[in-house]
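Novice: Right, I'll just put the structure down here and ask away after.
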Number of protein chains: 2
Amino acid sequence: MAKHALKIIPLGGLGEIGKNMMALEYADDIIVIDAGVMFPEEAMLGIDLIIPDITYLLENRSKIRGIVITHGHEDHIGALPYVLKQLDVPIYATPLAHGLISVKLKEHKMKRGAKLNVVEPGGRVSLGAFNVELFRVCHSIPDAVGLAIGTPLGTIVHTGDFKMDHTPVDGKPSDFTRLAKLGSEGVLLLLSDSTYVELQGYTPSEQVVGDTLERIMAKAPARVIVCTFASLISRVQQVINAAAKHDRRVCMVGRSMVDTAQIALKMGYLQAPPGVLVRLDEIRHLPQRQVAIVATGTQGEPTSALVRMANHDHPQLHIVPGDTVVMSATAIPGNEKVVNRTINNLFRQGASVLYDRLEQVHVHGHASQEELKMMINLTKPRFFVPIHGEYRHLALHAQLAQVMGIPKSNTFVLEDGDVLELTPEKGKVSGKVASGPIYVDGLGAWDMTSVVLRDRKMLSKDGIVVVILAIDKRTGKVMTTPDVISFGFVDSKESPELMEATRNLLTDTLDHGRDHGADPGFINIKVKEVLSKFLFQQTKRRPMILPVALEL
Amino acid sequence: MAKHALKIIPLGGLGEIGKNMMALEYADDIIVIDAGVMFPEEAMLGIDLIIPDITYLLENRSKIRGIVITHGHEDHIGALPYVLKQLDVPIYATPLAHGLISVKLKEHKMKRGAKLNVVEPGGRVSLGAFNVELFRVCHSIPDAVGLAIGTPLGTIVHTGDFKMDHTPVDGKPSDFTRLAKLGSEGVLLLLSDSTYVELQGYTPSEQVVGDTLERIMAKAPARVIVCTFASLISRVQQVINAAAKHDRRVCMVGRSMVDTAQIALKMGYLQAPPGVLVRLDEIRHLPQRQVAIVATGTQGEPTSALVRMANHDHPQLHIVPGDTVVMSATAIPGNEKVVNRTINNLFRQGASVLYDRLEQVHVHGHASQEELKMMINLTKPRFFVPIHGEYRHLALHAQLAQVMGIPKSNTFVLEDGDVLELTPEKGKVSGKVASGPIYVDGLGAWDMTSVVLRDRKMLSKDGIVVVILAIDKRTGKVMTTPDVISFGFVDSKESPELMEATRNLLTDTLDHGRDHGADPGFINIKVKEVLSKFLFQQTKRRPMILPVALEL
């Protein structure tokens with residue numbers, strides 16, 4: 001048995017286990033895989049961004065040899081500006097991811113000091129005890145890679161986000177040959193994407209969407225507005241191809257769409273025949289039948305181009321009857337309601353809307369069951385750890401691996417923060433490191449604590465009632481009738497009797513309590529107790545009660 | 001042309017147009033169809049229930065001849081306790097709906113005065129100018145009906161919630177013969193359920209779920225826990241059938257499940273072989289292989305039996321490895337996140353969970369495209385108004401009708417509150433009546449106003465900062481250093497410097513402003529202005545700022 005065990009540590013804790021960040025450790029070396037963000041749900045009050053907890057990495061900063069990026073999506077690169085502020089380590093990424101990271105760091109005014117390195121798909125980099133090969137996989141962004149990581153104990157394969165797609169738009173399929181070779185040489189551990197383990201069969205090729213888009217561009221009587229993710233560069237390529245074929249010009253709308261397209265065009269990941277791309281002010285002069293627009297807003301983001309159009313609130317673009325809107329994406333869980341609202345409003349404006357329940361206008365970027373089985377069969381790993389998914393996805397993926405013959409004792413369903421210690425013979429979860437989500441609100445200088453979040457939740461439920469008492473410091477007597485102000489509780493203009501009754505109750509209560517003098521602690525408790533009981537009786541609501549005693 | 005026009009008025013405004021309440025009016029007669037509630041989304045802060053606005057009905061109370069109920073689901077009967085408090089009109093419902101309404105009114109202590117009438121499916125009731133026939137349709141609850149409404153201008157067919165299902169569990173399919181007869185006699189207007197217009201083909205029969213349940217009951221190594229809606233009585237029947245066949249006892253868990261099952265058993269809508277149904281305290285003594293449990297909680301409701309089990313928080317039931325949990329329902333849009341969280345937690349507890357993405361453990365209760373076409377073809381209406389759906393559903397359903405040959409000018413996509421005036425020759429939207437959602441919070445005595453809701457939203461975003469100033473009434477001078485208290489803004493314990501800086505800023509500001517005396521209006525504005533600017537600079541957050549000036 002080797003002297004050291006390998007440690008496999010999914011970090012992040014942002015919802016999908018191991019997705020936004022992982023660490024691999026052997027003796028004095030650590031490599032980090034990805035550094036992504038999550039966007040908060042509607043119910044996460046006032047949070048702008050969620051980033052992984054890197055306490056463990058900070059505690060072991062001297063061991064870290066680098067961060068390897070699997071692809072350029074926000075949930076894999078978005079936390080780099082925050083992480084690099086605290087950890088000055090080199091980054092390794094494929095060309096497109098490198099381009100997107102550069103722009104991101106520039107926005108954060110951090111480009112100058114960062115140690116950014118480009119590795120071509122198929123290339124290698126040696127990081128301490130780890131020899132990392134970046135092999136090509138298909139995903140919904142070009143230049144995505146999985147990692148074949150040579151370690152003193154054997155090879156680890158980390159799939160990244162992947163699907164198999166034999167006919168990708170960029171003509172570069174996943175590197176099956178390499179995977180098969182790795183498998184025949186022996187793989188110690190497979191870490192595999194579990195996102196779509198619930199789906200049977202195969203994920204359709206991105207080409208399928210191209211066919212649908214062509215049909216739409218040919219048939220639509222007027223403008224075609226295609227909405228998709230800015231990062232879905234092959235989708236944008238297919239819109240350009242279909243539009244050009246049917247004599248339409250293409251206009252990009254929305255800051256992230258324009259920015260990403262510019263990088264992709266410059267780097268050659270996106271191509272357009274001369275004259276096809278036009279600016280927004282140019283489309284006015286074109287017949288509607290010759291216009292295609294590519295915009296963001298598929299998740300119902302309130303400030304996106306699409307949502308503003310749907311609400312008749314965009315400065316330059318208005319939906320007119322005859323417009324065809326194509327929602328070339330699916331709603332991320334939690335966004336369904338706002339996406340549906342956007343579609344409803346587009347119909348109200350007279351558009352014809354095509355979305356996933358009606359037409360095949362989107363395919364996702366992750367492997368379905370048969371592809372996951374193929375990945376296991378090609379790599380033939382001794383140990384299996386499902387990653388990238390919520391707990392149920394990992395549990396189902398583990399079941400799948402077991403059906404394929406990997407012993408249950410060699411399959412590990414981890415949670416973020418779990419430390420899996422692995423030797424060539426066996427694995428066990430040996431501990432737990434910090435991994436909670438870190439909430440970033442506003443400047444991010446003020447980290448969100450659970451107290452602040454809890455208070456916001458309470459405030460949002462039944463509002464707040466503030467009671468202001470002026471108390472004579474010397475006599476301990478309440479000097480005036482208490483002032484009662486409420487927010488988000490009841491409309492005090494509409495219920496003056498309730499406010500009056502509250503004031504009277506407080507005056508009575510505090511008169512009785514006079515003997516206790518002006519002990520602010522007592523007054524505080526007494527006011528809270530009496531008032532919460534009274535207000536609940538009257539309204540069945542439980543506002544936060546905030547007594548403020550001014551001693552004068 | 002007849003002297004009066006028919007008025008068709010979808011009310012409610014709770015999300016799906018015309019779903020929760022509709023009014024039909026001719027001259028001096030109004031009939032109301034259904035009186036349902038909606039349950040709020042997670043983002044609707046602190047709201048318990050949403051009911052329709054019945055202002056129009058109250059203004060025309062003398063015309064109302066009765067409320068006809070299409071079936072016993074909450075979104076069709078749940079608002080009756082609120083409506084009947086203000087409108088003392090007779091209710092007409094089929095036996096099961098009648099039973100469920102009785103229980104509901106009893107809970108609200110209103111049973112005694114209510115004018116509840118039972119009409120058997122196939123029966124008729126004459127209400128002023130309207131002759132209403134309740135014809136049988138299939139839906140996810142027994143005794144559901146559509147309405148064939150004779151009026152002086154022609155027949156209106158209102159489908160209610162329906163699907164076609166040729167092999168329903170209760171053996172009573174939709175009354176196609178009656179629909180065909182109505183169609184051959186001439187239908188003026190079809191009002192048809194649009195909920196599942198996005199789905200191609202036919203909705204599978206409820207029997208399909210029975211087959212899946214049987215397979216699961218046969219194969220499961222230990223307990224089977226089936227979660228579904230309490231109102232889905234035919235689903236519960238199928239669980240009982242499958243369990244009995246495979247030698248399992250059935251135990252109902254959760255108040256609404258037990259209550260509904262009791263009514264359904266008493267009325268004969270649910271049947272169980274002797275000895276099959278057992279109490280919760282009896283299952284302890286049974287081998288796990290002989291236990292089936294039916295529970296609520298499919299929407300991730302925090303207090304439901306299932307969610308408490310998933311969180312290891314149920315007093316009597318704990319999930320143990322080997323348990324099979326069947327989620328026999330789909331997540332209602334907006335609930336996906338909490339449902340997924342529940343499934344994750346069940347897997348964490350060691351259960352094997354079967355849900356809609358993995359097995360056909362649920363079919364829904366609404367017609368898909370081919371059934372909707374069949375409905376139009378059977379009834380052959382002159383006018384068509386899609387109902388029961390969000391705007392996009394109605395727009396798509398109108399398109400479908402137009403493809404089937406109904407002229408565009410005879411198709412109306414309404415919004416709640418729209419008044420469609422119809423004569424045998426033509427229709428037009430002639431006005432708008434009040435139809436917004438009415439939010440019920442707590443006792444409901446305190447209606448939610450938009451001010452209260454807006455305040456709750458603001459509070460939930462960045463919290464609140466309360467500034468307390470004691471001002472000498474005579475001199476207009478601030479008497480002490482201002483007190484600053486925050487909730488949900490920043491953790492004041494963690495950021496004493498910010499609080500200190502805020503207090504100093506306020507003291508400075510108010511010293512400068514001393515010349516202006518103690519005008520509370522000015523102080524209020526000044527504090528808000530200075531503080532919001534300062535706090536945004538410091539934190540990029542925008543809390544509500546509440547200055548409280550005590551004049552002493």
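Labeling convention for the structure tokens: chains A, B, ... as they appear, residues from 1 per chain, ligands from 1 in order of appearance.
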Considering only C-alpha atoms, return as a list in words whatever protein or nucleic-acid residues lie within 9 Å of Lys19 in chain B, sequence-local ones (same chain, fewer than 5 positions apart) excluded.

Specialist: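 Listing them by chain and then by number gives Pro10, Leu11, Gly12, Gly13, Leu14, Asp34, Ala35, Gly36, Asp75, His76, Gly160, Asp161, Asp193, Ile387, His388 and Gly389 of chain B.
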
Novice: Would you list the contacts of Tyr269 in chain B as a PyMOL selection string, taking every protein, DNA or RNA residue within 8 Å and counting only C-alpha atoms, but skipping same-chain residues closer than 3 positions in sequence?

Specialist: chain B and resi 96+142+233+264-266

Novice: For Gly365 in chain A, find every residue with an atom within 12 Å (counting only C-alpha atoms), except residues of its own chain fewer than 3 positions away, and show them as a short mmCIF file (atom, residue, chain, number, x, y, z; two decimals) with C-alpha atoms, in the first residue's frame.

Specialist:
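Wrote it out as result.cif, contents follow:
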data_model
loop_
_atom_site.label_atom_id
_atom_site.label_comp_id
_atom_site.auth_asym_id
_atom_site.auth_seq_id
_atom_site.Cartn_x
_atom_site.Cartn_y
_atom_site.Cartn_z
CA HIS A 73 -19.48 28.47 -18.05
CA VAL A 137 -15.63 16.42 -24.48
CA CYS A 138 -18.82 17.83 -26.01
CA HIS A 139 -20.89 20.21 -23.95
CA SER A 140 -22.98 23.28 -24.65
CA ILE A 141 -19.89 25.45 -25.08
CA PRO A 142 -16.86 24.83 -27.31
CA ALA A 144 -14.95 21.82 -22.99
CA GLY A 160 -16.36 17.61 -16.58
CA ASP A 161 -19.78 18.50 -17.94
CA PHE A 162 -20.24 16.30 -20.99
CA LYS A 163 -22.45 14.63 -23.51
CA MET A 164 -21.35 12.34 -26.34
CA ASP A 165 -22.82 14.06 -29.47
CA PRO A 168 -21.42 18.49 -32.76
CA ASP A 193 -21.34 14.15 -14.55
CA SER A 194 -24.74 13.10 -13.15
CA THR A 195 -26.90 16.05 -14.21
CA TYR A 196 -29.18 14.12 -16.58
CA TYR A 202 -29.28 9.38 -25.49
CA THR A 203 -29.23 13.15 -25.46
CA PRO A 204 -29.96 14.38 -29.01
CA SER A 205 -27.19 16.04 -30.98
CA GLU A 206 -27.03 19.82 -31.09
CA SER A 231 -22.47 31.07 -23.55
CA LEU A 232 -24.26 28.66 -25.89
CA SER A 234 -22.83 26.66 -30.97
CA ARG A 235 -26.50 27.61 -30.69
CA ALA A 329 -33.36 26.97 -23.69
CA THR A 330 -35.21 25.35 -20.82
CA HIS A 362 -33.32 23.19 -27.38
CA SER A 368 -28.32 10.77 -20.54
CA GLU A 371 -24.08 7.85 -22.50
#

Novice: As a ChimeraX atom specification, please: every residue in range 279-511 of chain B that DSSP puts in alpha helix (DSSP H).

Specialist: /B:280-283,305-310,336-348,369-379,391-403,450-462,496-511

Novice: Write out as a ChimeraX atom specification the residues lying within 8 Å of range 459-474 of chain A, counting only C-alpha atoms and excluding same-chain residues fewer than 3 positions away.

Specialist: /A:455-456,477-489,518,541-552 /B:45-47,455-457,459-460,463,488,550

Novice: Let's have the selection written as a compact mmCIF listing (two decimals), in the first residue's frame, with N, CA, C and O atoms.

Specialist:
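The new file out.txt reads:
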# COMPACT_ATOMS: atom_id res chain seq x y z
N ASP A 455 -33.32 37.20 9.39
CA ASP A 455 -34.11 38.40 9.62
C ASP A 455 -34.89 38.80 8.37
O ASP A 455 -36.05 39.18 8.44
N ARG A 456 -34.24 38.71 7.22
CA ARG A 456 -34.94 39.08 5.98
C ARG A 456 -36.13 38.17 5.76
O ARG A 456 -37.18 38.62 5.32
N LYS A 477 -40.07 56.42 34.15
CA LYS A 477 -41.45 56.51 33.64
C LYS A 477 -41.46 56.75 32.13
O LYS A 477 -40.59 57.43 31.58
N VAL A 478 -42.48 56.19 31.50
CA VAL A 478 -42.65 56.43 30.07
C VAL A 478 -43.13 57.87 29.91
O VAL A 478 -44.08 58.31 30.56
N MET A 479 -42.44 58.63 29.06
CA MET A 479 -42.69 60.06 29.00
C MET A 479 -43.89 60.45 28.13
O MET A 479 -44.55 61.41 28.40
N THR A 480 -44.11 59.72 27.06
CA THR A 480 -45.25 60.05 26.19
C THR A 480 -45.97 58.75 25.80
O THR A 480 -45.49 57.66 26.11
N THR A 481 -47.06 58.88 25.11
CA THR A 481 -47.72 57.69 24.55
C THR A 481 -46.75 57.02 23.58
O THR A 481 -46.12 57.71 22.78
N PRO A 482 -46.61 55.70 23.66
CA PRO A 482 -45.67 55.03 22.75
C PRO A 482 -46.04 55.26 21.28
O PRO A 482 -47.22 55.37 20.95
N ASP A 483 -45.04 55.37 20.47
CA ASP A 483 -45.26 55.49 19.04
C ASP A 483 -45.19 54.09 18.42
O ASP A 483 -44.31 53.31 18.78
N VAL A 484 -46.09 53.77 17.53
CA VAL A 484 -46.09 52.45 16.90
C VAL A 484 -46.06 52.64 15.38
O VAL A 484 -46.90 53.33 14.82
N ILE A 485 -45.06 52.05 14.75
CA ILE A 485 -44.93 52.17 13.30
C ILE A 485 -44.79 50.78 12.72
O ILE A 485 -44.07 49.94 13.27
N SER A 486 -45.50 50.50 11.65
CA SER A 486 -45.36 49.16 11.08
C SER A 486 -45.03 49.23 9.60
O SER A 486 -45.38 50.19 8.92
N PHE A 487 -44.33 48.22 9.14
CA PHE A 487 -44.04 48.05 7.72
C PHE A 487 -44.35 46.63 7.32
O PHE A 487 -43.92 45.70 8.00
N GLY A 488 -45.09 46.46 6.25
CA GLY A 488 -45.35 45.11 5.75
C GLY A 488 -46.19 44.27 6.69
O GLY A 488 -46.23 43.05 6.59
N PHE A 489 -46.89 44.93 7.63
CA PHE A 489 -47.71 44.18 8.58
C PHE A 489 -49.18 44.34 8.19
O PHE A 489 -49.73 43.50 7.50
N ALA A 518 -36.99 51.49 34.91
CA ALA A 518 -36.72 51.63 33.49
C ALA A 518 -35.74 50.59 33.00
O ALA A 518 -34.98 50.85 32.09
N ARG A 541 -51.30 37.24 12.46
CA ARG A 541 -49.99 37.45 11.86
C ARG A 541 -48.95 37.59 12.97
O ARG A 541 -49.29 37.96 14.08
N ARG A 542 -47.72 37.28 12.65
CA ARG A 542 -46.65 37.35 13.64
C ARG A 542 -45.52 38.23 13.14
O ARG A 542 -44.46 37.74 12.72
N PRO A 543 -45.72 39.55 13.19
CA PRO A 543 -44.65 40.44 12.73
C PRO A 543 -43.46 40.40 13.69
O PRO A 543 -43.60 39.99 14.84
N MET A 544 -42.28 40.79 13.20
CA MET A 544 -41.16 41.03 14.11
C MET A 544 -41.54 42.23 14.96
O MET A 544 -42.10 43.20 14.45
N ILE A 545 -41.24 42.17 16.23
CA ILE A 545 -41.54 43.31 17.09
C ILE A 545 -40.23 43.89 17.60
O ILE A 545 -39.40 43.17 18.15
N LEU A 546 -40.05 45.17 17.35
CA LEU A 546 -38.80 45.83 17.69
C LEU A 546 -39.08 46.99 18.65
O LEU A 546 -39.47 48.06 18.21
N PRO A 547 -38.94 46.74 19.95
CA PRO A 547 -39.15 47.84 20.89
C PRO A 547 -37.88 48.68 20.97
O PRO A 547 -36.79 48.13 21.05
N VAL A 548 -38.04 49.98 20.91
CA VAL A 548 -36.90 50.88 21.03
C VAL A 548 -37.16 51.79 22.23
O VAL A 548 -38.08 52.60 22.21
N ALA A 549 -36.39 51.61 23.26
CA ALA A 549 -36.58 52.44 24.45
C ALA A 549 -35.49 53.51 24.48
O ALA A 549 -34.30 53.19 24.55
N LEU A 550 -35.88 54.74 24.36
CA LEU A 550 -34.93 55.85 24.44
C LEU A 550 -34.90 56.37 25.87
O LEU A 550 -35.91 56.84 26.38
N GLU A 551 -33.75 56.26 26.48
CA GLU A 551 -33.65 56.80 27.85
C GLU A 551 -33.16 58.23 27.78
O GLU A 551 -32.11 58.50 27.22
N LEU A 552 -33.94 59.13 28.32
CA LEU A 552 -33.60 60.55 28.17
C LEU A 552 -33.43 61.20 29.54
O LEU A 552 -34.03 60.77 30.50
N LEU B 45 -44.98 36.79 -0.20
CA LEU B 45 -44.48 36.77 1.16
C LEU B 45 -45.60 36.74 2.20
O LEU B 45 -46.34 37.70 2.36
N GLY B 46 -45.69 35.64 2.91
CA GLY B 46 -46.59 35.57 4.06
C GLY B 46 -48.06 35.43 3.72
O GLY B 46 -48.90 35.49 4.61
N ILE B 47 -48.39 35.25 2.44
CA ILE B 47 -49.80 35.09 2.05
C ILE B 47 -50.21 33.64 2.28
O ILE B 47 -49.47 32.72 1.98
N ASP B 455 -44.11 46.66 0.80
CA ASP B 455 -43.20 46.83 1.93
C ASP B 455 -42.50 45.52 2.28
O ASP B 455 -41.30 45.49 2.55
N ARG B 456 -43.27 44.43 2.27
CA ARG B 456 -42.64 43.14 2.59
C ARG B 456 -41.56 42.81 1.58
O ARG B 456 -40.51 42.28 1.92
N LYS B 457 -41.82 43.10 0.30
CA LYS B 457 -40.82 42.82 -0.73
C LYS B 457 -39.56 43.64 -0.49
O LYS B 457 -38.45 43.14 -0.58
N LEU B 459 -38.56 45.00 2.34
CA LEU B 459 -37.91 44.54 3.57
C LEU B 459 -37.08 43.29 3.29
O LEU B 459 -36.00 43.11 3.84
N SER B 460 -37.63 42.42 2.45
CA SER B 460 -36.97 41.14 2.23
C SER B 460 -35.72 41.29 1.38
O SER B 460 -34.89 40.42 1.34
N GLY B 463 -33.45 44.53 3.85
CA GLY B 463 -33.68 44.78 5.26
C GLY B 463 -34.10 46.21 5.56
O GLY B 463 -34.51 46.96 4.67
N GLY B 488 -31.88 42.55 9.02
CA GLY B 488 -31.79 42.02 7.66
C GLY B 488 -30.93 42.87 6.74
O GLY B 488 -31.00 42.77 5.53
N LEU B 550 -38.70 61.50 17.78
CA LEU B 550 -39.55 61.66 18.97
C LEU B 550 -39.43 63.10 19.46
O LEU B 550 -38.34 63.53 19.83

Novice: As a ChimeraX atom specification, please: all residues of range 259-420 of chain B that backbone DSSP puts in strand (DSSP E or B).

Specialist: /B:277-278,291-295,324-327,352-354,381-387,411,418-420

Novice: Can you list, as a list in words, every protein, DNA or RNA residue that comes within 12 Å of Thr177 in chain B when you count only C-alpha atoms, leaving out same-chain residues fewer than 3 positions away?

Specialist: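 Using only C-alpha atoms, the neighbours found are Gly122, Phe135, Arg136, Val137, Pro173, Ser174, Ala180, Lys181, Leu182, Gly183, Ser184, Met375, Leu378 and Thr379 of chain B.
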
Novice: Could you write out the selected residues, including N, CA, C and O atoms, as a compact mmCIF listing (two decimals), in the first residue's frame?

Specialist:
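In the end it all went to part34.txt:
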# COMPACT_ATOMS: atom_id res chain seq x y z
N GLY B 122 -75.59 14.16 -14.97
CA GLY B 122 -76.69 13.88 -15.91
C GLY B 122 -77.95 14.66 -15.54
O GLY B 122 -78.87 14.77 -16.34
N PHE B 135 -73.17 17.36 -17.14
CA PHE B 135 -72.85 16.08 -17.80
C PHE B 135 -71.48 15.57 -17.33
O PHE B 135 -70.58 16.33 -17.02
N ARG B 136 -71.37 14.27 -17.29
CA ARG B 136 -70.19 13.64 -16.70
C ARG B 136 -68.94 13.84 -17.56
O ARG B 136 -68.97 13.66 -18.77
N VAL B 137 -67.82 14.23 -16.93
CA VAL B 137 -66.51 14.21 -17.60
C VAL B 137 -65.52 13.50 -16.68
O VAL B 137 -65.75 13.38 -15.47
N PRO B 173 -66.78 6.85 -17.96
CA PRO B 173 -66.08 7.76 -18.87
C PRO B 173 -66.87 9.05 -19.11
O PRO B 173 -68.04 9.16 -18.75
N SER B 174 -66.21 10.01 -19.76
CA SER B 174 -66.87 11.26 -20.14
C SER B 174 -68.06 10.94 -21.04
O SER B 174 -68.04 9.98 -21.80
N ALA B 180 -72.04 14.71 -28.29
CA ALA B 180 -72.35 14.60 -29.72
C ALA B 180 -73.76 15.08 -30.01
O ALA B 180 -74.02 15.76 -31.00
N LYS B 181 -74.69 14.74 -29.12
CA LYS B 181 -76.09 15.17 -29.29
C LYS B 181 -76.17 16.70 -29.22
O LYS B 181 -76.82 17.35 -30.04
N LEU B 182 -75.49 17.27 -28.22
CA LEU B 182 -75.46 18.73 -28.08
C LEU B 182 -74.91 19.35 -29.37
O LEU B 182 -75.45 20.33 -29.87
N GLY B 183 -73.84 18.75 -29.87
CA GLY B 183 -73.23 19.28 -31.08
C GLY B 183 -74.17 19.23 -32.27
O GLY B 183 -74.27 20.17 -33.06
N SER B 184 -74.91 18.13 -32.40
CA SER B 184 -75.80 18.00 -33.56
C SER B 184 -77.01 18.93 -33.43
O SER B 184 -77.58 19.36 -34.42
N MET B 375 -63.11 17.39 -28.61
CA MET B 375 -64.16 18.18 -27.94
C MET B 375 -64.75 19.20 -28.90
O MET B 375 -65.97 19.38 -28.98
N LEU B 378 -66.83 17.32 -31.55
CA LEU B 378 -68.11 16.79 -31.06
C LEU B 378 -69.13 17.91 -30.88
O LEU B 378 -70.30 17.75 -31.23
N THR B 379 -68.69 19.04 -30.36
CA THR B 379 -69.66 20.09 -30.01
C THR B 379 -69.90 21.06 -31.17
O THR B 379 -70.92 21.75 -31.19

Novice: I'd like the contact shell of Ile9 in chain A - 9 Å cut-off, only C-alpha atoms, skipping same-chain residues fewer than 6 positions apart - returned as an mmCIF file with C-alpha atoms, in the first residue's frame.

Specialist:
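Everything below was put into part-v1.cif:
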data_model
loop_
_atom_site.group_PDB
_atom_site.id
_atom_site.type_symbol
_atom_site.label_atom_id
_atom_site.label_comp_id
_atom_site.auth_asym_id
_atom_site.auth_seq_id
_atom_site.Cartn_x
_atom_site.Cartn_y
_atom_site.Cartn_z
ATOM 1 C CA GLY A 18 -18.816 18.822 -6.713
ATOM 2 C CA MET A 21 -15.368 23.294 -7.230
ATOM 3 C CA MET A 22 -13.434 20.146 -6.295
ATOM 4 C CA ALA A 23 -10.060 19.511 -4.735
ATOM 5 C CA LEU A 24 -7.771 16.511 -5.257
ATOM 6 C CA GLU A 25 -4.972 16.056 -2.738
ATOM 7 C CA LEU A 414 -20.429 12.158 -1.446
ATOM 8 C CA GLU A 415 -21.762 15.453 -0.182
ATOM 9 C CA ASP A 416 -19.869 18.709 -0.519
ATOM 10 C CA GLY A 417 -17.169 18.915 2.108
ATOM 11 C CA ASP A 418 -16.810 15.139 2.434
ATOM 12 C CA VAL A 419 -13.212 13.932 2.278
ATOM 13 C CA LEU A 420 -12.937 10.618 0.458
ATOM 14 C CA GLU A 421 -9.624 8.899 1.169
ATOM 15 C CA LYS A 432 -15.532 16.772 6.536
ATOM 16 C CA VAL A 433 -14.232 20.235 5.638
#
